[in-house]
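**Student:** Shown below is the structure under consideration.
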Amino acid sequence: MRRLLAFLLLSALAVAGAVWLADRPGEVTIHWQGWRLDTTVPVLLATVALLTVLLSLLGRVLRLVVGGPGRMLAARRTRLTRKGYVALSDGLAAVASGDSRQATRLARKADKLLKDQAVTGLLTVRAAEISGDPATLRARYETMTERPETAYLGFKGLMDLALRQGDRDAARAHATRALALQPGAEGLAGVLFDLQMEAGLLAEAELTLGIARRHSVLPSAELAHRRALVLFARAEAAEKSGDAAAALALALDSRDAEPSFVPAVAMAARLHRAKGKPRKAESLIRSTFRVAPHPLLTAEWAALGQADSPLDRVKRMRILAEDNPAAACGHVALAEAALAARLWGQARTHLEKALEQQPSRHVLALLAQLERDERKDEAAALAWLARSGDAGTGPAWTCGGCGRTAPAFSVACPACHAPGRMEWR
Ligand SMILES: [Zn+2]
């Protein structure tokens, strides 16, 4: 509608112009290089208009002749790019269906046609991942680390690759770079923390925990446990280097991070005792025993009364056992003290309680000892020992990673070296 209006308007203007010119005839004379041209104004104007149209047509023809090859090249490039995108799309489909040979072939084709790692990077990496070729995969990940948009995925891929190949140092270096790029990445801070603990890089491990806390990537209970662990490891290192005061402060910090972390409590109690502060050791052990009873605590408690008579040692142990009557280890420790003091009745009472709460081979062995010591009754002793097959070994420091047990707590599993996996169960 608007075009029609414009056309009508222009036509009206042209007609008006023609009429206007016809009403005002005039003559034009041109002298040029000895030539003379006589004509009228309308004829001159018509000639100029015609020449303009002819020149414009000539320009178009020239552009067609000169620009032809360039346009053909551009068309060819468009065709190749299109083929490249088809290869890319088919390649991603092959990756999704797990066809590694097809995916690798199409990735190579897309790479050749599109000549742009930014576009084909993800396909080539996924193809290399499912083909399981580590050398190609490493090269792909390294290429990805060069662009800011894919650098995180590159370093994370290199870390996973290094972990699979058992190169813990390389894995740690790549994990550090990846975490710097994406501090809130799911699971990454935990992996880096373990790698740093394994390498004894305690200060770095603490920094990693700080990042994990700021970005809330670990549950608070796990964060607390890991913090207690790294502080405990630092306390052990301080004690090893002869700095008992620093070791005690760090052990107490570890206890504060996770109040039920008994290895730290036992260590702090032992260091208090060594400093001649038995009262502090006692209150630490008692407050922990009420919420987290453990043989490490009964052992430290017994150590506080080393110089006492056997009877006083029974009295001392009764105080702790009564703080938490539901704790089998309290009854066992009290029974052991009673056996040493030849208080047979007390020993039997508490062994029976322990047997009821948590039957174990150790309790049965103590009952057998009681039968022999009190009544010289070998048959009754053997009857207790015969039940050992049914009773378990009782709780022990067990690695959550490899499942093996150890006689004492350690920051890293003595068998598989995984840090922070030793649990009392
Ligand atoms: Zn282990």
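By order of appearance in the structure tokens: chains A, B, ..., then residues from 1 within every chain, and ligands from 1 in the order shown.
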Compute the set of protein, DNA and RNA residues whose minimum atom distance to ligand 1 is at most 9 Å, using only C-alpha atoms and all ligand atoms, and state it as a ChimeraX atom specification.
**Tutor:** /A:398-405,412-419,421-422
**Student:** Just N, CA and C atoms for this one: save the residues we selected as a compact mmCIF listing (two decimals), in the first residue's frame.
**Tutor:**
# COMPACT_ATOMS: atom_id res chain seq x y z
N THR A 398 38.78 -48.67 61.20
CA THR A 398 38.56 -49.33 59.91
C THR A 398 38.59 -48.29 58.81
N CYS A 399 39.26 -48.61 57.70
CA CYS A 399 39.34 -47.67 56.57
C CYS A 399 38.06 -47.75 55.74
N GLY A 400 37.43 -46.59 55.56
CA GLY A 400 36.21 -46.54 54.76
C GLY A 400 36.51 -46.75 53.28
N GLY A 401 37.78 -46.64 52.88
CA GLY A 401 38.14 -46.83 51.49
C GLY A 401 38.41 -48.29 51.16
N CYS A 402 39.40 -48.89 51.83
CA CYS A 402 39.78 -50.26 51.47
C CYS A 402 39.20 -51.29 52.44
N GLY A 403 38.61 -50.83 53.56
CA GLY A 403 37.94 -51.76 54.47
C GLY A 403 38.87 -52.47 55.45
N ARG A 404 40.20 -52.22 55.37
CA ARG A 404 41.11 -52.90 56.29
C ARG A 404 41.14 -52.21 57.65
N THR A 405 41.49 -52.97 58.69
CA THR A 405 41.52 -52.39 60.04
C THR A 405 42.97 -52.16 60.46
N ALA A 412 46.14 -40.94 57.63
CA ALA A 412 45.99 -41.67 56.36
C ALA A 412 45.93 -43.16 56.65
N CYS A 413 45.14 -43.88 55.87
CA CYS A 413 45.04 -45.34 56.05
C CYS A 413 46.41 -45.96 55.81
N PRO A 414 46.90 -46.81 56.75
CA PRO A 414 48.23 -47.39 56.56
C PRO A 414 48.27 -48.34 55.36
N ALA A 415 47.11 -48.86 54.96
CA ALA A 415 47.11 -49.82 53.84
C ALA A 415 46.99 -49.11 52.49
N CYS A 416 45.95 -48.26 52.32
CA CYS A 416 45.73 -47.66 50.99
C CYS A 416 46.13 -46.19 50.95
N HIS A 417 46.58 -45.63 52.06
CA HIS A 417 47.08 -44.24 52.15
C HIS A 417 46.03 -43.16 51.91
N ALA A 418 44.74 -43.54 51.85
CA ALA A 418 43.69 -42.54 51.68
C ALA A 418 43.58 -41.74 52.98
N PRO A 419 43.59 -40.41 52.92
CA PRO A 419 43.53 -39.62 54.15
C PRO A 419 42.09 -39.48 54.65
N ARG A 421 40.02 -41.46 56.22
CA ARG A 421 39.01 -42.51 56.03
C ARG A 421 38.93 -43.47 57.22
N MET A 422 39.79 -43.30 58.25
CA MET A 422 39.77 -44.23 59.37
C MET A 422 38.59 -43.91 60.29
**Student:** For Gln196 (chain A), please output as a ChimeraX atom specification all residues within 10 Å (counting only C-alpha atoms; exclusion window: fewer than 4 positions along the same chain).
**Tutor:** /A:168-169,172-173,176,190-192,200-206,208,419
**Student:** CA of Ser131 (chain A) and CA of Lys83 (chain A), how far apart in Å?
**Tutor:** 23.4 Å
**Student:** Can you tell me how far CA of Pro395 (chain A) sits from CA of Trp424 (chain A), in Å to one decimal?
**Tutor:**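 Between these atoms lies a distance of 6.1 Å.
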**Student:** Restricting the calculation to only C-alpha atoms, which member of A:Cys329, A:Gln306, A:Thr29, A:Leu271 is positioned closest to Ala292 (chain A)?
**Tutor:**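 Once distances to Ala292 (chain A) are computed over only C-alpha atoms, the minimum belongs to A:Cys329.
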**Student:** Name all residues at most 12 Å from Gly184 (chain A) (count only C-alpha atoms; drop same-chain ones fewer than 2 positions away) and give them as a PDB file with N, CA, C and O atoms, in the first residue's frame.
**Tutor:**
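And here's result_4.pdb as it stands now:
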ATOM      1  N   TYR A 152      38.557 -24.640  32.491  1.00  0.00           N
ATOM      2  CA  TYR A 152      38.198 -25.443  33.659  1.00  0.00           C
ATOM      3  C   TYR A 152      38.018 -26.913  33.264  1.00  0.00           C
ATOM      4  O   TYR A 152      38.583 -27.816  33.890  1.00  0.00           O
ATOM      5  N   ALA A 178      42.227 -26.033  38.354  1.00  0.00           N
ATOM      6  CA  ALA A 178      40.785 -26.132  38.101  1.00  0.00           C
ATOM      7  C   ALA A 178      39.996 -25.436  39.211  1.00  0.00           C
ATOM      8  O   ALA A 178      39.046 -24.695  38.941  1.00  0.00           O
ATOM      9  N   LEU A 179      40.428 -25.634  40.469  1.00  0.00           N
ATOM     10  CA  LEU A 179      39.693 -25.026  41.587  1.00  0.00           C
ATOM     11  C   LEU A 179      39.829 -23.498  41.568  1.00  0.00           C
ATOM     12  O   LEU A 179      38.893 -22.783  41.918  1.00  0.00           O
ATOM     13  N   ALA A 180      41.001 -23.011  41.119  1.00  0.00           N
ATOM     14  CA  ALA A 180      41.182 -21.558  41.030  1.00  0.00           C
ATOM     15  C   ALA A 180      40.208 -20.980  40.002  1.00  0.00           C
ATOM     16  O   ALA A 180      39.696 -19.876  40.176  1.00  0.00           O
ATOM     17  N   LEU A 181      39.916 -21.746  38.950  1.00  0.00           N
ATOM     18  CA  LEU A 181      39.002 -21.257  37.906  1.00  0.00           C
ATOM     19  C   LEU A 181      37.547 -21.379  38.340  1.00  0.00           C
ATOM     20  O   LEU A 181      36.715 -20.540  38.002  1.00  0.00           O
ATOM     21  N   GLN A 182      37.228 -22.495  39.061  1.00  0.00           N
ATOM     22  CA  GLN A 182      35.838 -22.690  39.472  1.00  0.00           C
ATOM     23  C   GLN A 182      35.789 -23.181  40.914  1.00  0.00           C
ATOM     24  O   GLN A 182      35.637 -24.374  41.169  1.00  0.00           O
ATOM     25  N   GLU A 186      31.471 -28.788  42.056  1.00  0.00           N
ATOM     26  CA  GLU A 186      31.013 -29.922  42.872  1.00  0.00           C
ATOM     27  C   GLU A 186      32.126 -30.967  43.060  1.00  0.00           C
ATOM     28  O   GLU A 186      32.669 -31.474  42.085  1.00  0.00           O
ATOM     29  N   GLY A 187      32.433 -31.280  44.300  1.00  0.00           N
ATOM     30  CA  GLY A 187      33.349 -32.401  44.579  1.00  0.00           C
ATOM     31  C   GLY A 187      34.830 -32.106  44.405  1.00  0.00           C
ATOM     32  O   GLY A 187      35.662 -32.869  44.882  1.00  0.00           O
ATOM     33  N   LEU A 188      35.166 -31.008  43.738  1.00  0.00           N
ATOM     34  CA  LEU A 188      36.579 -30.758  43.406  1.00  0.00           C
ATOM     35  C   LEU A 188      37.404 -30.432  44.652  1.00  0.00           C
ATOM     36  O   LEU A 188      38.512 -30.954  44.826  1.00  0.00           O
ATOM     37  N   ALA A 189      36.858 -29.582  45.538  1.00  0.00           N
ATOM     38  CA  ALA A 189      37.616 -29.180  46.730  1.00  0.00           C
ATOM     39  C   ALA A 189      37.952 -30.404  47.587  1.00  0.00           C
ATOM     40  O   ALA A 189      39.064 -30.507  48.114  1.00  0.00           O
ATOM     41  N   GLY A 190      37.015 -31.341  47.696  1.00  0.00           N
ATOM     42  CA  GLY A 190      37.251 -32.553  48.493  1.00  0.00           C
ATOM     43  C   GLY A 190      38.393 -33.382  47.924  1.00  0.00           C
ATOM     44  O   GLY A 190      39.252 -33.872  48.653  1.00  0.00           O
ATOM     45  N   THR A 208      42.397 -24.929  51.059  1.00  0.00           N
ATOM     46  CA  THR A 208      41.353 -25.553  50.233  1.00  0.00           C
ATOM     47  C   THR A 208      40.050 -25.670  51.023  1.00  0.00           C
ATOM     48  O   THR A 208      38.966 -25.423  50.499  1.00  0.00           O
ATOM     49  N   LEU A 209      40.169 -26.023  52.326  1.00  0.00           N
ATOM     50  CA  LEU A 209      38.961 -26.124  53.156  1.00  0.00           C
ATOM     51  C   LEU A 209      38.286 -24.760  53.280  1.00  0.00           C
ATOM     52  O   LEU A 209      37.058 -24.664  53.301  1.00  0.00           O
ATOM     53  N   GLY A 210      39.118 -23.691  53.364  1.00  0.00           N
ATOM     54  CA  GLY A 210      38.573 -22.334  53.436  1.00  0.00           C
ATOM     55  C   GLY A 210      37.749 -22.026  52.195  1.00  0.00           C
ATOM     56  O   GLY A 210      36.647 -21.471  52.291  1.00  0.00           O
ATOM     57  N   ILE A 211      38.270 -22.406  51.031  1.00  0.00           N
ATOM     58  CA  ILE A 211      37.543 -22.179  49.769  1.00  0.00           C
ATOM     59  C   ILE A 211      36.239 -22.976  49.780  1.00  0.00           C
ATOM     60  O   ILE A 211      35.176 -22.469  49.430  1.00  0.00           O
ATOM     61  N   ALA A 212      36.331 -24.234  50.229  1.00  0.00           N
ATOM     62  CA  ALA A 212      35.136 -25.096  50.265  1.00  0.00           C
ATOM     63  C   ALA A 212      34.074 -24.499  51.183  1.00  0.00           C
ATOM     64  O   ALA A 212      32.880 -24.548  50.888  1.00  0.00           O
ATOM     65  N   ARG A 213      34.529 -23.889  52.300  1.00  0.00           N
ATOM     66  CA  ARG A 213      33.567 -23.309  53.243  1.00  0.00           C
ATOM     67  C   ARG A 213      32.907 -22.072  52.636  1.00  0.00           C
ATOM     68  O   ARG A 213      31.694 -21.921  52.700  1.00  0.00           O
ATOM     69  N   ARG A 214      33.725 -21.222  51.995  1.00  0.00           N
ATOM     70  CA  ARG A 214      33.168 -19.990  51.407  1.00  0.00           C
ATOM     71  C   ARG A 214      32.168 -20.294  50.307  1.00  0.00           C
ATOM     72  O   ARG A 214      31.213 -19.564  50.113  1.00  0.00           O
ATOM     73  N   HIS A 215      32.386 -21.399  49.574  1.00  0.00           N
ATOM     74  CA  HIS A 215      31.485 -21.699  48.461  1.00  0.00           C
ATOM     75  C   HIS A 215      30.470 -22.798  48.817  1.00  0.00           C
ATOM     76  O   HIS A 215      29.755 -23.276  47.935  1.00  0.00           O
ATOM     77  N   SER A 216      30.445 -23.182  50.095  1.00  0.00           N
ATOM     78  CA  SER A 216      29.480 -24.182  50.586  1.00  0.00           C
ATOM     79  C   SER A 216      29.411 -25.419  49.698  1.00  0.00           C
ATOM     80  O   SER A 216      28.337 -25.856  49.313  1.00  0.00           O
ATOM     81  N   VAL A 217      30.589 -25.969  49.357  1.00  0.00           N
ATOM     82  CA  VAL A 217      30.573 -27.150  48.493  1.00  0.00           C
ATOM     83  C   VAL A 217      30.694 -28.457  49.281  1.00  0.00           C
ATOM     84  O   VAL A 217      30.613 -29.524  48.707  1.00  0.00           O
ATOM     85  N   LEU A 218      30.873 -28.354  50.619  1.00  0.00           N
ATOM     86  CA  LEU A 218      30.935 -29.573  51.433  1.00  0.00           C
ATOM     87  C   LEU A 218      29.918 -29.449  52.558  1.00  0.00           C
ATOM     88  O   LEU A 218      29.736 -28.364  53.110  1.00  0.00           O
TER      89      LEU A 218
END
**Student:** Near Ala383 (chain A), counting only C-alpha atoms, which residues have an atom at most 12 Å away, once you skip same-chain residues fewer than 2 positions from it, shown as a list in words?
**Tutor:**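 That gives Leu364, Ala365, Leu367, Ala368, Gln369, Glu371, Arg372, Asp377, Glu378, Ala379, Ala380, Ala381, Leu385, Ala386, Arg387, Ser388 and Gly389 of chain A.
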